[in-house]
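Enquirer: Below you will find the structure I want to go over with you.
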Amino acid sequence: MRLSVLGAGPAYTDVYDSAGAAYLVMHGATSLLLDLGHGSFSRIFADRQPEALDAVVISHLHPDHFVDLVPMRHYLRYEFNPPRRMRVLAPSGLDGRLDALHAEPGFAAQALDTEVLGEATRTIGELTLESRKVWHTAESYAFRVAPANGDGPGLVYSGDCGSIDDLAPLVRPGDALLVEVAFGVGPGPAGVAHLTGPQVGELALRTRPGRVLLTHILLQRNPEATLASVASLYDGPVSFVWPGTRLEL
């Protein structure tokens with residue numbers, strides 16, 4: 001499997017040319033896009049024509065994880081004759097959010113075939129997608145993506161998540177763990193459902209992934225100190241991913 005990071009930013013940032021969460025996973029002829037946050041749609045073209053994606057999978061309904069489905073919809077509807085369509089797996093209510101942006105009932109359905117995720121395991125082309133609810137919004141998901149034939153490790157993506165106990169059941173030893181670390185070394189505000197570096201280190205120590213890939217860090221949080229806080233508990237490879245990061249998993 002290959003991972004291409006199209007966007008890794010949080011809800012807002014002062015980093016020039018940043019983009020919201022968007023992670024492209026490719027294996028053989030299959031490509032899945034995990035989230036499609038603000039500013040990430042145009043970055044798809046470096047790896048794939050957007051219409052060639054097998055599916056877009058949305059972790060939760062915060063705009064920094066789904067709002068670029070609007071340019072995706074426009075592209076599919078107006079760039080082709082006849083228009084193209086895209087399979088979109090998401091929490092319930094996505095269509096209503098997109099329709100409301102344009103005050104147009106049926107806006108999303110003109111190009112997007114949406115399905116409610118639920119906790120399930122699906123085969124999509126040459127990949128399996130396992131979705132599991134996590135603590136963030138009322139309906140948020142983390143994912144494990146792996147080769148359908150069982151050949152090689154998987155990728156676990158946290159989405160936004162405030163509980164390592166919710167994530168741990170997805171992680172198999174040797175997997176790559178792509179995990180948000182919004183609050184850096186912490187502490188985060190009480191009751192806010194995001195992770196810190198020490199929490200990620202504890203998760204990695206418990207589940208033994210093959211590598212830890214950190215993402216979605218907020219302003220004024222220290223990436224170097226955050227790396228060190230994870231590495232103090234976990235002795236495997238730890239790094240941040242940024243837009244343009246490409247990895248063989």
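Residue names in the structure tokens use chain letters A, B, ... in the order shown, residue numbers from 1 in each chain, and ligand numbers from 1 in the order shown.
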Excluding same-chain residues fewer than 5 positions from A:Ala138, what lies within 10 Å of it counting only C-alpha atoms, as a tab-separated table (two decimals) with N, CA and C atoms, in the first residue's frame?
Expert:
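Final file, part.tsv:
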chain	number	residue	atom	x	y	z
A	60	HIS	N	-15.84	12.25	9.99
A	60	HIS	CA	-16.86	12.95	10.79
A	60	HIS	C	-17.21	14.25	10.10
A	61	LEU	N	-18.29	14.87	10.56
A	61	LEU	CA	-18.86	16.00	9.83
A	61	LEU	C	-18.42	17.34	10.40
A	91	PRO	N	-20.58	9.51	7.97
A	91	PRO	CA	-21.60	9.50	9.02
A	91	PRO	C	-22.94	9.99	8.49
A	133	LYS	N	-16.52	3.43	15.62
A	133	LYS	CA	-16.85	4.71	16.24
A	133	LYS	C	-15.83	5.09	17.31
Enquirer: Which parts of stretch 41-222 of chain A does DSSP call strand (DSSP E or B) when run on the backbone here, written out as a PyMOL selection string?
Expert: chain A and resi 55-57+86-90+112-116+120-124+127-134+140-147+155-157+176-180+211-215
Enquirer: Can you write just those residues out, C-alpha atoms, as a PDB file, in the first residue's frame?
Expert:
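Contents of part.pdb, as written:
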ATOM      1  CA  ALA A  55     -14.505   5.942  -2.845  1.00  0.00           C
ATOM      2  CA  VAL A  56     -14.162   8.907  -0.521  1.00  0.00           C
ATOM      3  CA  VAL A  57     -14.487   8.014   3.172  1.00  0.00           C
ATOM      4  CA  MET A  86     -18.551   9.271  -6.656  1.00  0.00           C
ATOM      5  CA  ARG A  87     -19.187   6.787  -3.871  1.00  0.00           C
ATOM      6  CA  VAL A  88     -18.968   8.548  -0.495  1.00  0.00           C
ATOM      7  CA  LEU A  89     -19.035   6.669   2.832  1.00  0.00           C
ATOM      8  CA  ALA A  90     -19.780   8.988   5.742  1.00  0.00           C
ATOM      9  CA  LEU A 112     -22.398  11.950  -4.798  1.00  0.00           C
ATOM     10  CA  ASP A 113     -23.704   8.483  -3.908  1.00  0.00           C
ATOM     11  CA  THR A 114     -23.591   8.659  -0.125  1.00  0.00           C
ATOM     12  CA  GLU A 115     -23.746   5.665   2.213  1.00  0.00           C
ATOM     13  CA  VAL A 116     -23.864   5.685   6.014  1.00  0.00           C
ATOM     14  CA  ALA A 120     -18.581  -2.439   9.612  1.00  0.00           C
ATOM     15  CA  THR A 121     -15.903  -4.093   7.498  1.00  0.00           C
ATOM     16  CA  ARG A 122     -16.183  -3.669   3.729  1.00  0.00           C
ATOM     17  CA  THR A 123     -14.183  -4.838   0.757  1.00  0.00           C
ATOM     18  CA  ILE A 124     -13.563  -2.061  -1.756  1.00  0.00           C
ATOM     19  CA  LEU A 127      -8.659  -3.129   0.007  1.00  0.00           C
ATOM     20  CA  THR A 128     -10.669  -3.814   3.139  1.00  0.00           C
ATOM     21  CA  LEU A 129     -12.034  -0.888   5.148  1.00  0.00           C
ATOM     22  CA  GLU A 130     -12.924  -1.385   8.806  1.00  0.00           C
ATOM     23  CA  SER A 131     -14.760   1.491  10.509  1.00  0.00           C
ATOM     24  CA  ARG A 132     -15.155   1.932  14.249  1.00  0.00           C
ATOM     25  CA  LYS A 133     -16.854   4.707  16.240  1.00  0.00           C
ATOM     26  CA  VAL A 134     -14.622   6.932  18.345  1.00  0.00           C
ATOM     27  CA  SER A 140     -17.146   9.957  14.397  1.00  0.00           C
ATOM     28  CA  TYR A 141     -15.138   7.072  12.992  1.00  0.00           C
ATOM     29  CA  ALA A 142     -11.599   5.783  12.842  1.00  0.00           C
ATOM     30  CA  PHE A 143     -10.541   3.379  10.099  1.00  0.00           C
ATOM     31  CA  ARG A 144      -8.260   0.486   9.348  1.00  0.00           C
ATOM     32  CA  VAL A 145      -7.382   0.014   5.682  1.00  0.00           C
ATOM     33  CA  ALA A 146      -5.506  -3.114   4.602  1.00  0.00           C
ATOM     34  CA  PRO A 147      -4.914  -5.282   1.521  1.00  0.00           C
ATOM     35  CA  LEU A 155      -3.022   1.623   8.002  1.00  0.00           C
ATOM     36  CA  VAL A 156      -5.063   2.813  10.982  1.00  0.00           C
ATOM     37  CA  TYR A 157      -6.341   6.394  10.694  1.00  0.00           C
ATOM     38  CA  ALA A 176       1.094   2.094  10.401  1.00  0.00           C
ATOM     39  CA  LEU A 177      -0.760   4.335  12.863  1.00  0.00           C
ATOM     40  CA  LEU A 178      -1.781   7.673  11.332  1.00  0.00           C
ATOM     41  CA  VAL A 179      -3.018   9.576  14.337  1.00  0.00           C
ATOM     42  CA  GLU A 180      -4.066  13.105  15.201  1.00  0.00           C
ATOM     43  CA  ARG A 211       5.370   3.099  12.790  1.00  0.00           C
ATOM     44  CA  VAL A 212       3.544   6.138  14.104  1.00  0.00           C
ATOM     45  CA  LEU A 213       2.625   8.987  11.766  1.00  0.00           C
ATOM     46  CA  LEU A 214       1.513  12.162  13.543  1.00  0.00           C
ATOM     47  CA  THR A 215      -0.825  14.723  12.001  1.00  0.00           C
TER      48      THR A 215
END
Enquirer: With only C-alpha atoms as the counted atoms, please give the residues lying no more than 9 Å from A:Tyr23, apart from itself and same-chain residues fewer than 5 positions off, as a compact mmCIF listing (two decimals) with C-alpha atoms, in the first residue's frame.
Expert:
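To be explicit, this is the file written out as part_34.txt:
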# COMPACT_ATOMS: atom_id res chain seq x y z
CA LEU A 3 -0.03 6.68 1.37
CA SER A 4 -0.10 10.16 -0.14
CA VAL A 5 -0.84 13.01 2.27
CA LEU A 6 -2.89 15.69 0.52
CA GLY A 7 -3.74 17.67 3.64
CA ALA A 8 -2.84 17.32 7.31
CA LEU A 32 -9.46 5.31 -1.28
CA LEU A 33 -9.46 8.89 -0.03
CA LEU A 34 -9.78 9.25 3.74
CA ASP A 35 -11.36 12.66 4.41
CA LEU A 36 -11.47 15.66 2.09
Enquirer: Out of A:Gly236, A:Gly184, A:Pro243, A:Gly28, which residue has the shortest atom-to-atom distance to A:Glu224 when counting only C-alpha atoms?
Expert: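 Of the candidates, the smallest distance to A:Glu224 is held by A:Gly184.
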Enquirer: Do you have the atom CA of A:Leu53-atom CA of A:Ala111 distance handy?
Expert: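 It comes out at 13.7 Å.
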Enquirer: For A:Pro71, work out the shell of residues within 12 Å, counting only C-alpha atoms and skipping chain neighbours fewer than 3 positions away, then give it as a PyMOL selection string.
Expert: chain A and resi 36-44+50+66-68+74-79+98+107-108+111-112
Enquirer: Those same residues, written as a CSV table (one decimal), in the first residue's frame with C-alpha atoms?
Expert:
chain,number,residue,atom,x,y,z
A,36,LEU,CA,-11.5,15.7,2.1
A,37,GLY,CA,-10.9,18.8,4.1
A,38,HIS,CA,-10.7,22.4,3.0
A,39,GLY,CA,-8.2,23.1,0.3
A,40,SER,CA,-7.4,19.5,-0.4
A,41,PHE,CA,-9.4,18.7,-3.6
A,42,SER,CA,-6.9,20.2,-6.0
A,43,ARG,CA,-4.1,18.1,-4.5
A,44,ILE,CA,-5.7,14.9,-5.7
A,50,PRO,CA,-10.5,12.4,-8.9
A,66,PHE,CA,-15.4,17.0,4.4
A,67,VAL,CA,-16.0,20.4,3.0
A,68,ASP,CA,-14.0,19.9,-0.3
A,74,HIS,CA,-18.9,20.5,-9.0
A,75,TYR,CA,-16.0,18.8,-10.8
A,76,LEU,CA,-18.0,15.5,-11.4
A,77,ARG,CA,-21.1,17.4,-12.4
A,78,TYR,CA,-19.7,20.0,-14.8
A,79,GLU,CA,-16.4,18.7,-16.1
A,98,LEU,CA,-23.8,19.8,1.8
A,107,PHE,CA,-27.3,19.4,-4.2
A,108,ALA,CA,-25.1,16.5,-3.0
A,111,ALA,CA,-23.0,13.8,-8.1
A,112,LEU,CA,-22.4,11.9,-4.8
Enquirer: Nearest to A:Asp14 among A:Leu249, A:Val241, A:Ala193, A:Leu218, with distances taken over only C-alpha atoms: which residue is it?
Expert: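 Ranked by minimum distance to A:Asp14, first place goes to A:Leu218.
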Enquirer: Applying 6 Å and only C-alpha atoms, which residues near stretch 167-175 of chain A remain after dropping the ones on its own chain fewer than 3 positions away? List them as a ChimeraX atom specification.
Expert: /A:153-155,164,208-210
Enquirer: From the options A:Gly244, A:Val238, A:Glu202, A:Pro105, which residue's atoms come nearest to A:Asp17, counting only C-alpha atoms?
Expert: A:Gly244
Enquirer: Hey, what's within 6 Å of A:Val230 if we count only C-alpha atoms and toss same-chain stuff fewer than 4 positions away? As a list in words, please?
Expert: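 Once the nearby chain positions are removed, what remains is Gly197, Pro198 and Gly201 of chain A.
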Enquirer: Given the selection you just returned, output its residues as a file containing N, CA and C atoms, formatted as a PDB file, in the first residue's frame.
Expert:
ATOM      1  N   GLY A 197       0.471  14.003  22.511  1.00  0.00           N
ATOM      2  CA  GLY A 197       1.593  13.109  22.257  1.00  0.00           C
ATOM      3  C   GLY A 197       1.735  12.001  23.277  1.00  0.00           C
ATOM      4  N   PRO A 198       1.695  12.295  24.586  1.00  0.00           N
ATOM      5  CA  PRO A 198       1.803  11.214  25.561  1.00  0.00           C
ATOM      6  C   PRO A 198       0.704  10.163  25.424  1.00  0.00           C
ATOM      7  N   GLY A 201       1.725   8.010  22.535  1.00  0.00           N
ATOM      8  CA  GLY A 201       2.802   7.122  22.952  1.00  0.00           C
ATOM      9  C   GLY A 201       2.282   5.943  23.755  1.00  0.00           C
TER      10      GLY A 201
END
Enquirer: From stretch 14-205 of chain A, collect each residue whose DSSP state is alpha helix (DSSP H) and return the set as a ChimeraX atom specification.
Expert: /A:63-66,69-78,94-101,164-167,197-205
Enquirer: Would you compute the distance between atom CA of A:His194 and atom CA of A:Ser163? Give it in Å to one decimal.
Expert: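 Distance between the two atoms: 7.7 Å.
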